[in-house]
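Undergrad: Input: one structure, supplied below.
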Number of protein chains: 2
Amino acid sequence: MNDMTVGQAGVSIDEVRAAHARIAPHIHRTPVIHSRLLDERAGCEVHFKCENLQKIGAFKARGALNAVLGLDDSTAALGVATHSSGNHGAALAMAAGVRDIPAHIVMPANAPAVKKAAVAAYGGHIIECEPTLQAREATLETVIAEHGSHVVHPYDDLRVIAGQGTTALELLEQLEAIDIIVIPVSGSELLNGMATALKALKPAVEVMAAEPAGADDAFRSFGLGYRVPQESPNTIADGLLTSLGERNYAIIRERVDTMVTVEDSTIIEAMKLQWTRLKTVVEPSGAVTFAALLEHPERFRGRRVACVISGGNVDLERLPW
Amino acid sequence: MNDMTVGQAGVSIDEVRAAHARIAPHIHRTPVIHSRLLDERAGCEVHFKCENLQKIGAFKARGALNAVLGLDDSTAALGVATHSSGNHGAALAMAAGVRDIPAHIVMPANAPAVKKAAVAAYGGHIIECEPTLQAREATLETVIAEHGSHVVHPYDDLRVIAGQGTTALELLEQLEAIDIIVIPVSGSELLNGMATALKALKPAVEVMAAEPAGADDAFRSFGLGYRVPQESPNTIADGLLTSLGERNYAIIRERVDTMVTVEDSTIIEAMKLQWTRLKTVVEPSGAVTFAALLEHPERFRGRRVACVISGGNVDLERLPW
């Protein structure tokens, strides 16, 4: 039986540590970078954890590897599967390649060519479908029926949550002192996993989530006290369109301290500053965290801040400015 | 008397070493990065020395710092001056700031706003002039007459040549084995300085210069055996429009092994691959070296290659594609 979820509420710091031990030989320990000019612009000391330099160009490599490397041999032999229009598909294909097992990636027919090319480059087997959630899920069921593949959900999976949380373990080793960490939120397994590790190891650090104003279901849910779905998202941050996952919502209420939204115009400003000053290519979803500093400077004044740059996969032919 | 040149033919490895000792506390030891996917694309093992991550976003910081830090106090007190439409102006302003002395930068009135902003951000004093070489030189003479400033020429200056050569010292420490190093050529002090260090320390390494086909005076001079000036350059590599300097020409004939040209379309292809695969922002002049691998793959097959990424200062509103 393949189930897109796993039957527990959250992960523990021990699971995050076990994930890091498992995936460390296969991921990049991404650098933390800094720029005096961006400090001046932001009015605080800000350091960037560069998951845009991670394998496949995004943190998603961590969770997919943790899920795939933890499978027993007989399960793994049947391969893995998911539906994805973005980085998770490439991450799962890459992880399957490490273990030399098949990866079946259901993608909407209208997914960007660069995303399909990335999945194919890592040896993933692409199955196209209509661009609706129903079609994606039905097509995935067909794949499972045919191959017996094991499903790895992009965010509602404890192994994936633990894997993404390893980003926080590295960050705490790389930065000695830190007052506040800003993390992007979408399906929210990165936020969940990192918040879990941070609250276990450094409870005094403020964990802040940043979300595009045009896809602010997490922000609204956080304030309302119950989960509201994201309908008709409208933002350039194409990696942050997903609704907050159910299991992630509960953990986030418990372990995240604050949440802010940012306008798309600020996301573009943040991207340009990061491209020109840090010389590093950041995708819109990855620039949301620095955008939080630009749009809400009073929250950061005089503090030591870490921003997660979650990814750097952009189509240079279709830049958002 | 301020003279734009210094009365010797070339620099020695000892001068390059002395330059590195002098500037090391003030520059970044830039990383050398690598991508399996780009190896596959190029058909060889290729490593990139990231001078786009240098202070001011280009290697020019090295030479300017070496010149400024080596001045005696009474000369330095009067400040430094140059004419520049590009990175050398920002580099000299930055170097002068390190020593807390004035920098007068003569810039053509039509220089890009981003270049002027960079000079101003480092505290340089900008004097605008008509966009002709005659106007630039005459305006610089006026500045010298008024302030007694010491002139630092962008490429025809031994202190600058020795400073740029320090890039090679780091590269040889960072990469254990290397067969061929590709360096961009324009005024050519980077090529001269690096070739000097490389031939002194690792004479078996092939030193190759790469130049845009639309500004190929160095290539033609190299083949002809005498220096021909660059007239009407036509390339997107705006950092490589200058003619090969006289003193650099003689050294290059002696210490550079091979030279290739690349088309602008290949430079754009190289830029896009570096932006998307390495996630690092490279300017057209900086992509010329990787373009050499793409356009002349047979010269590199099976070899271990180092490419210098000379800079990363681009105007995101005016990308060349």
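In the structure tokens, the first chain shown is A, the next is B, and so on; residue numbers restart at 1 for each chain, and ligands run from 1 in the order shown.
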Hey, what's within 9 Å of Arg227 of chain B if we count only C-alpha atoms and toss same-chain stuff fewer than 4 positions away? As a list in words, please?
TA: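 Near neighbours after the sequence-gap exclusion: Asp217, Ala218, Arg220, Ser221, Phe222, Leu244, Gly245, Glu246, Tyr249 and Ala250 of chain B.
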Undergrad: Just write the chosen residues, C-alpha atoms, as a tab-separated table (two decimals), in the first residue's frame.
TA:
```tsv
chain	number	residue	atom	x	y	z
B	217	ASP	CA	43.24	42.73	-31.76
B	218	ALA	CA	45.23	40.54	-29.36
B	220	ARG	CA	45.59	39.19	-34.63
B	221	SER	CA	48.66	40.72	-32.99
B	222	PHE	CA	49.65	37.37	-31.53
B	244	LEU	CA	46.16	45.21	-25.98
B	245	GLY	CA	48.62	47.35	-24.01
B	246	GLU	CA	52.10	47.85	-25.47
B	249	TYR	CA	51.95	42.62	-25.88
B	250	ALA	CA	55.66	41.84	-25.53
```
Undergrad: Let's see if you can do this: from backbone DSSP, list all helix (DSSP H, G or I) residues in segment 75-141 of chain A, as a PDB file with C-alpha atoms, in the first residue's frame.
TA:
```pdb
ATOM      1  CA  THR A  75      10.601  -1.453  -1.664  1.00  0.00           C
ATOM      2  CA  ALA A  76      13.304   0.552  -3.393  1.00  0.00           C
ATOM      3  CA  ALA A  77      13.645  -2.033  -6.154  1.00  0.00           C
ATOM      4  CA  ASN A  87      11.859  21.087  -7.939  1.00  0.00           C
ATOM      5  CA  HIS A  88      10.572  18.028  -6.062  1.00  0.00           C
ATOM      6  CA  GLY A  89      10.379  16.027  -9.272  1.00  0.00           C
ATOM      7  CA  ALA A  90      14.007  16.780 -10.127  1.00  0.00           C
ATOM      8  CA  ALA A  91      15.014  16.051  -6.530  1.00  0.00           C
ATOM      9  CA  LEU A  92      13.301  12.662  -6.507  1.00  0.00           C
ATOM     10  CA  ALA A  93      14.808  11.751  -9.874  1.00  0.00           C
ATOM     11  CA  MET A  94      18.267  12.709  -8.579  1.00  0.00           C
ATOM     12  CA  ALA A  95      17.790  10.746  -5.351  1.00  0.00           C
ATOM     13  CA  ALA A  96      16.609   7.680  -7.254  1.00  0.00           C
ATOM     14  CA  GLY A  97      19.681   7.973  -9.445  1.00  0.00           C
ATOM     15  CA  VAL A  98      21.925   7.842  -6.371  1.00  0.00           C
ATOM     16  CA  ARG A  99      20.322   4.508  -5.510  1.00  0.00           C
ATOM     17  CA  ALA A 113      10.281  23.031 -20.452  1.00  0.00           C
ATOM     18  CA  VAL A 114      13.203  23.769 -18.130  1.00  0.00           C
ATOM     19  CA  LYS A 115      11.541  21.805 -15.316  1.00  0.00           C
ATOM     20  CA  LYS A 116      10.928  18.818 -17.574  1.00  0.00           C
ATOM     21  CA  ALA A 117      14.505  19.028 -18.836  1.00  0.00           C
ATOM     22  CA  ALA A 118      15.802  18.959 -15.256  1.00  0.00           C
ATOM     23  CA  VAL A 119      13.829  15.814 -14.400  1.00  0.00           C
ATOM     24  CA  ALA A 120      15.012  14.146 -17.589  1.00  0.00           C
ATOM     25  CA  ALA A 121      18.624  15.196 -16.987  1.00  0.00           C
ATOM     26  CA  LEU A 133      -4.783  18.156  -9.341  1.00  0.00           C
ATOM     27  CA  GLN A 134      -7.328  15.431 -10.113  1.00  0.00           C
ATOM     28  CA  ALA A 135      -5.463  14.391 -13.257  1.00  0.00           C
ATOM     29  CA  ARG A 136      -2.148  14.445 -11.428  1.00  0.00           C
ATOM     30  CA  GLU A 137      -3.432  12.193  -8.665  1.00  0.00           C
ATOM     31  CA  ALA A 138      -5.242   9.825 -11.028  1.00  0.00           C
ATOM     32  CA  THR A 139      -2.171   9.504 -13.243  1.00  0.00           C
ATOM     33  CA  LEU A 140      -0.007   8.828 -10.202  1.00  0.00           C
ATOM     34  CA  GLU A 141      -2.422   6.059  -9.161  1.00  0.00           C
TER      35      GLU A 141
END
```
Undergrad: Taking into account only C-alpha atoms, which residue in the set B:Leu201, B:Leu78, B:Val281, B:Cys307 is nearest to chain A?
TA: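 Checking each of B:Leu201, B:Leu78, B:Val281, B:Cys307 against chain A, counting only C-alpha atoms, the winner is B:Val281.
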Undergrad: Counting only C-alpha atoms, what are the residues of chain B within 10 Å of chain A, and for each of them which pair of atoms is the nearest and at what distance in Å, to one decimal? Sort the table by chain and rising number, as a Markdown table.
TA:
```
| residue | atom | partner | partner_atom | distance |
| --- | --- | --- | --- | --- |
| B:Ser35 | CA | A:Lys55 | CA | 9.9 |
| B:Leu37 | CA | A:Ala121 | CA | 9.1 |
| B:Asn52 | CA | A:Lys279 | CA | 7.1 |
| B:Leu53 | CA | A:Lys279 | CA | 6.7 |
| B:Gln54 | CA | A:Lys279 | CA | 10.0 |
| B:Ile56 | CA | A:Arg277 | CA | 9.0 |
| B:Gly57 | CA | A:Lys279 | CA | 7.9 |
| B:Ala121 | CA | A:Leu37 | CA | 9.3 |
| B:Lys272 | CA | A:Leu316 | CA | 7.3 |
| B:Gln274 | CA | A:Val281 | CA | 9.9 |
| B:Trp275 | CA | A:Val281 | CA | 6.5 |
| B:Thr276 | CA | A:Asn313 | CA | 6.9 |
| B:Arg277 | CA | A:Gly57 | CA | 8.0 |
| B:Leu278 | CA | A:Leu53 | CA | 7.4 |
| B:Lys279 | CA | A:Val281 | CA | 4.7 |
| B:Thr280 | CA | A:Thr280 | CA | 4.7 |
| B:Val281 | CA | A:Lys279 | CA | 4.7 |
| B:Val282 | CA | A:Lys279 | CA | 7.6 |
| B:Glu283 | CA | A:Lys279 | CA | 10.0 |
| B:Gly311 | CA | A:Lys279 | CA | 9.5 |
| B:Gly312 | CA | A:Lys279 | CA | 6.5 |
| B:Asn313 | CA | A:Thr276 | CA | 6.9 |
| B:Val314 | CA | A:Thr276 | CA | 7.2 |
| B:Asp315 | CA | A:Thr276 | CA | 8.2 |
| B:Leu316 | CA | A:Lys272 | CA | 7.4 |
| B:Glu317 | CA | A:Trp321 | CA | 8.0 |
| B:Leu319 | CA | A:Leu316 | CA | 9.8 |
| B:Trp321 | CA | A:Glu317 | CA | 7.9 |
```
Undergrad: According to DSSP computed on the backbone, where in segment 152-289 of chain A is there strand (DSSP E)? Give the residues as a ChimeraX atom specification.
TA: /A:180-184,206-212,258-262
Undergrad: For those residues, write N, CA and C atoms to a file as an mmCIF file, in the first residue's frame.
TA:
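This is the output file part10.cif:
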```
data_model
loop_
_atom_site.group_PDB
_atom_site.id
_atom_site.type_symbol
_atom_site.label_atom_id
_atom_site.label_comp_id
_atom_site.auth_asym_id
_atom_site.auth_seq_id
_atom_site.Cartn_x
_atom_site.Cartn_y
_atom_site.Cartn_z
ATOM 1 N N ILE A 180 17.588 35.800 14.611
ATOM 2 C CA ILE A 180 16.333 35.503 13.907
ATOM 3 C C ILE A 180 16.637 34.817 12.577
ATOM 4 N N ILE A 181 15.843 33.804 12.260
ATOM 5 C CA ILE A 181 16.010 33.067 11.010
ATOM 6 C C ILE A 181 14.734 33.209 10.195
ATOM 7 N N VAL A 182 14.891 33.588 8.918
ATOM 8 C CA VAL A 182 13.737 33.779 8.045
ATOM 9 C C VAL A 182 13.697 32.651 7.019
ATOM 10 N N ILE A 183 12.545 31.994 6.920
ATOM 11 C CA ILE A 183 12.387 30.779 6.117
ATOM 12 C C ILE A 183 11.150 30.947 5.232
ATOM 13 N N PRO A 184 11.235 30.583 3.943
ATOM 14 C CA PRO A 184 10.040 30.714 3.098
ATOM 15 C C PRO A 184 9.015 29.633 3.433
ATOM 16 N N GLU A 206 14.534 33.462 17.111
ATOM 17 C CA GLU A 206 13.191 33.687 16.563
ATOM 18 C C GLU A 206 13.082 33.026 15.199
ATOM 19 N N VAL A 207 12.078 32.186 15.031
ATOM 20 C CA VAL A 207 11.832 31.539 13.742
ATOM 21 C C VAL A 207 10.706 32.291 13.040
ATOM 22 N N MET A 208 11.045 32.930 11.926
ATOM 23 C CA MET A 208 10.066 33.722 11.178
ATOM 24 C C MET A 208 9.821 33.089 9.812
ATOM 25 N N ALA A 209 8.559 32.989 9.427
ATOM 26 C CA ALA A 209 8.209 32.524 8.091
ATOM 27 C C ALA A 209 7.902 33.719 7.207
ATOM 28 N N ALA A 210 8.301 33.648 5.939
ATOM 29 C CA ALA A 210 7.999 34.707 4.981
ATOM 30 C C ALA A 210 7.229 34.108 3.810
ATOM 31 N N GLU A 211 6.181 34.813 3.395
ATOM 32 C CA GLU A 211 5.268 34.271 2.391
ATOM 33 C C GLU A 211 4.863 35.385 1.413
ATOM 34 N N PRO A 212 4.688 35.069 0.134
ATOM 35 C CA PRO A 212 4.213 36.107 -0.792
ATOM 36 C C PRO A 212 2.789 36.540 -0.425
ATOM 37 N N THR A 258 6.919 33.917 14.304
ATOM 38 C CA THR A 258 6.303 35.056 13.619
ATOM 39 C C THR A 258 6.196 34.769 12.129
ATOM 40 N N MET A 259 5.353 35.523 11.452
ATOM 41 C CA MET A 259 5.131 35.312 10.032
ATOM 42 C C MET A 259 4.871 36.660 9.371
ATOM 43 N N VAL A 260 5.456 36.886 8.196
ATOM 44 C CA VAL A 260 5.217 38.129 7.461
ATOM 45 C C VAL A 260 4.915 37.808 6.000
ATOM 46 N N THR A 261 4.230 38.730 5.339
ATOM 47 C CA THR A 261 4.028 38.599 3.896
ATOM 48 C C THR A 261 4.804 39.700 3.175
ATOM 49 N N VAL A 262 5.112 39.444 1.896
ATOM 50 C CA VAL A 262 5.838 40.427 1.081
ATOM 51 C C VAL A 262 5.173 40.553 -0.278
#
```
Undergrad: Mind pulling up the distance from atom CA of Ala145 of chain B to atom CA of Ala19 of chain B?
TA: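 Between atom CA of Ala19 of chain B and atom CA of Ala145 of chain B the gap is 29.2 Å.
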Undergrad: Skip Val305 of chain B itself and residues of its chain fewer than 3 positions away, then list as a PyMOL selection string all residues within 12 Å of it, counting only C-alpha atoms.
TA: chain B and resi 32-34+38-39+42-49+171+175-183+205-208+289-290+292-293+297+299-302+308
Undergrad: Check the smallest atom-to-atom distance from each of B:Asp257, B:Glu263, B:Glu128, B:Asp238 to Gly86 of chain B using only C-alpha atoms, then report the winner.
TA: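 Among the listed residues, the smallest separation from Gly86 of chain B belongs to B:Asp238.
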Undergrad: Using atom CA of Thr196 of chain A and atom CA of Pro25 of chain A as the two end points, give the distance in Å to one decimal.
TA: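 Between atom CA of Thr196 of chain A and atom CA of Pro25 of chain A the gap works out to 22.6 Å.
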Undergrad: With only C-alpha atoms as the atoms that count, which of B:Gly123, B:Cys129, B:Asn248, B:Thr167 lies nearest to Met107 of chain B?
TA: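 Answer, going by the shortest atom-to-atom distance: B:Cys129.
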Undergrad: Could you give me, as a list in words, the residues within 9 Å of Ala67 of chain A, counting only C-alpha atoms and dropping anything in the same chain fewer than 2 positions from it?
TA: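 Using only C-alpha atoms, the neighbours found are Ala19, Arg62, Gly63, Ala64, Leu65, Leu69, Gly70, Leu71, Leu92, Ala95, Val152, Asp157, Leu158, Arg159, Val160 and Gly163 of chain A.
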Undergrad: Go ahead and write the residues just picked, C-alpha atoms, as a PDB file, in the first residue's frame.
TA:
```
ATOM      1  CA  ALA A  19      18.477  12.374   8.207  1.00  0.00           C
ATOM      2  CA  ARG A  62      17.604  16.936   1.053  1.00  0.00           C
ATOM      3  CA  GLY A  63      14.125  15.568   1.699  1.00  0.00           C
ATOM      4  CA  ALA A  64      13.980  13.420  -1.414  1.00  0.00           C
ATOM      5  CA  LEU A  65      17.346  11.847  -0.589  1.00  0.00           C
ATOM      6  CA  LEU A  69      17.951   6.350   1.043  1.00  0.00           C
ATOM      7  CA  GLY A  70      15.794   5.145   3.933  1.00  0.00           C
ATOM      8  CA  LEU A  71      13.767   2.654   1.874  1.00  0.00           C
ATOM      9  CA  LEU A  92      13.301  12.662  -6.507  1.00  0.00           C
ATOM     10  CA  ALA A  95      17.790  10.746  -5.351  1.00  0.00           C
ATOM     11  CA  VAL A 152       7.245  10.303  -1.944  1.00  0.00           C
ATOM     12  CA  ASP A 157       5.846  13.262   4.432  1.00  0.00           C
ATOM     13  CA  LEU A 158       7.817  12.993   7.678  1.00  0.00           C
ATOM     14  CA  ARG A 159      10.947  11.729   5.950  1.00  0.00           C
ATOM     15  CA  VAL A 160      10.901  14.746   3.648  1.00  0.00           C
ATOM     16  CA  GLY A 163      15.419  15.925   5.397  1.00  0.00           C
TER      17      GLY A 163
END
```
Undergrad: What's the separation between atom CA of Gly124 of chain A and atom CA of Ile105 of chain A, in Å to one decimal place?
TA: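 According to the coordinates, atom CA of Gly124 of chain A and atom CA of Ile105 of chain A are separated by 6.5 Å.
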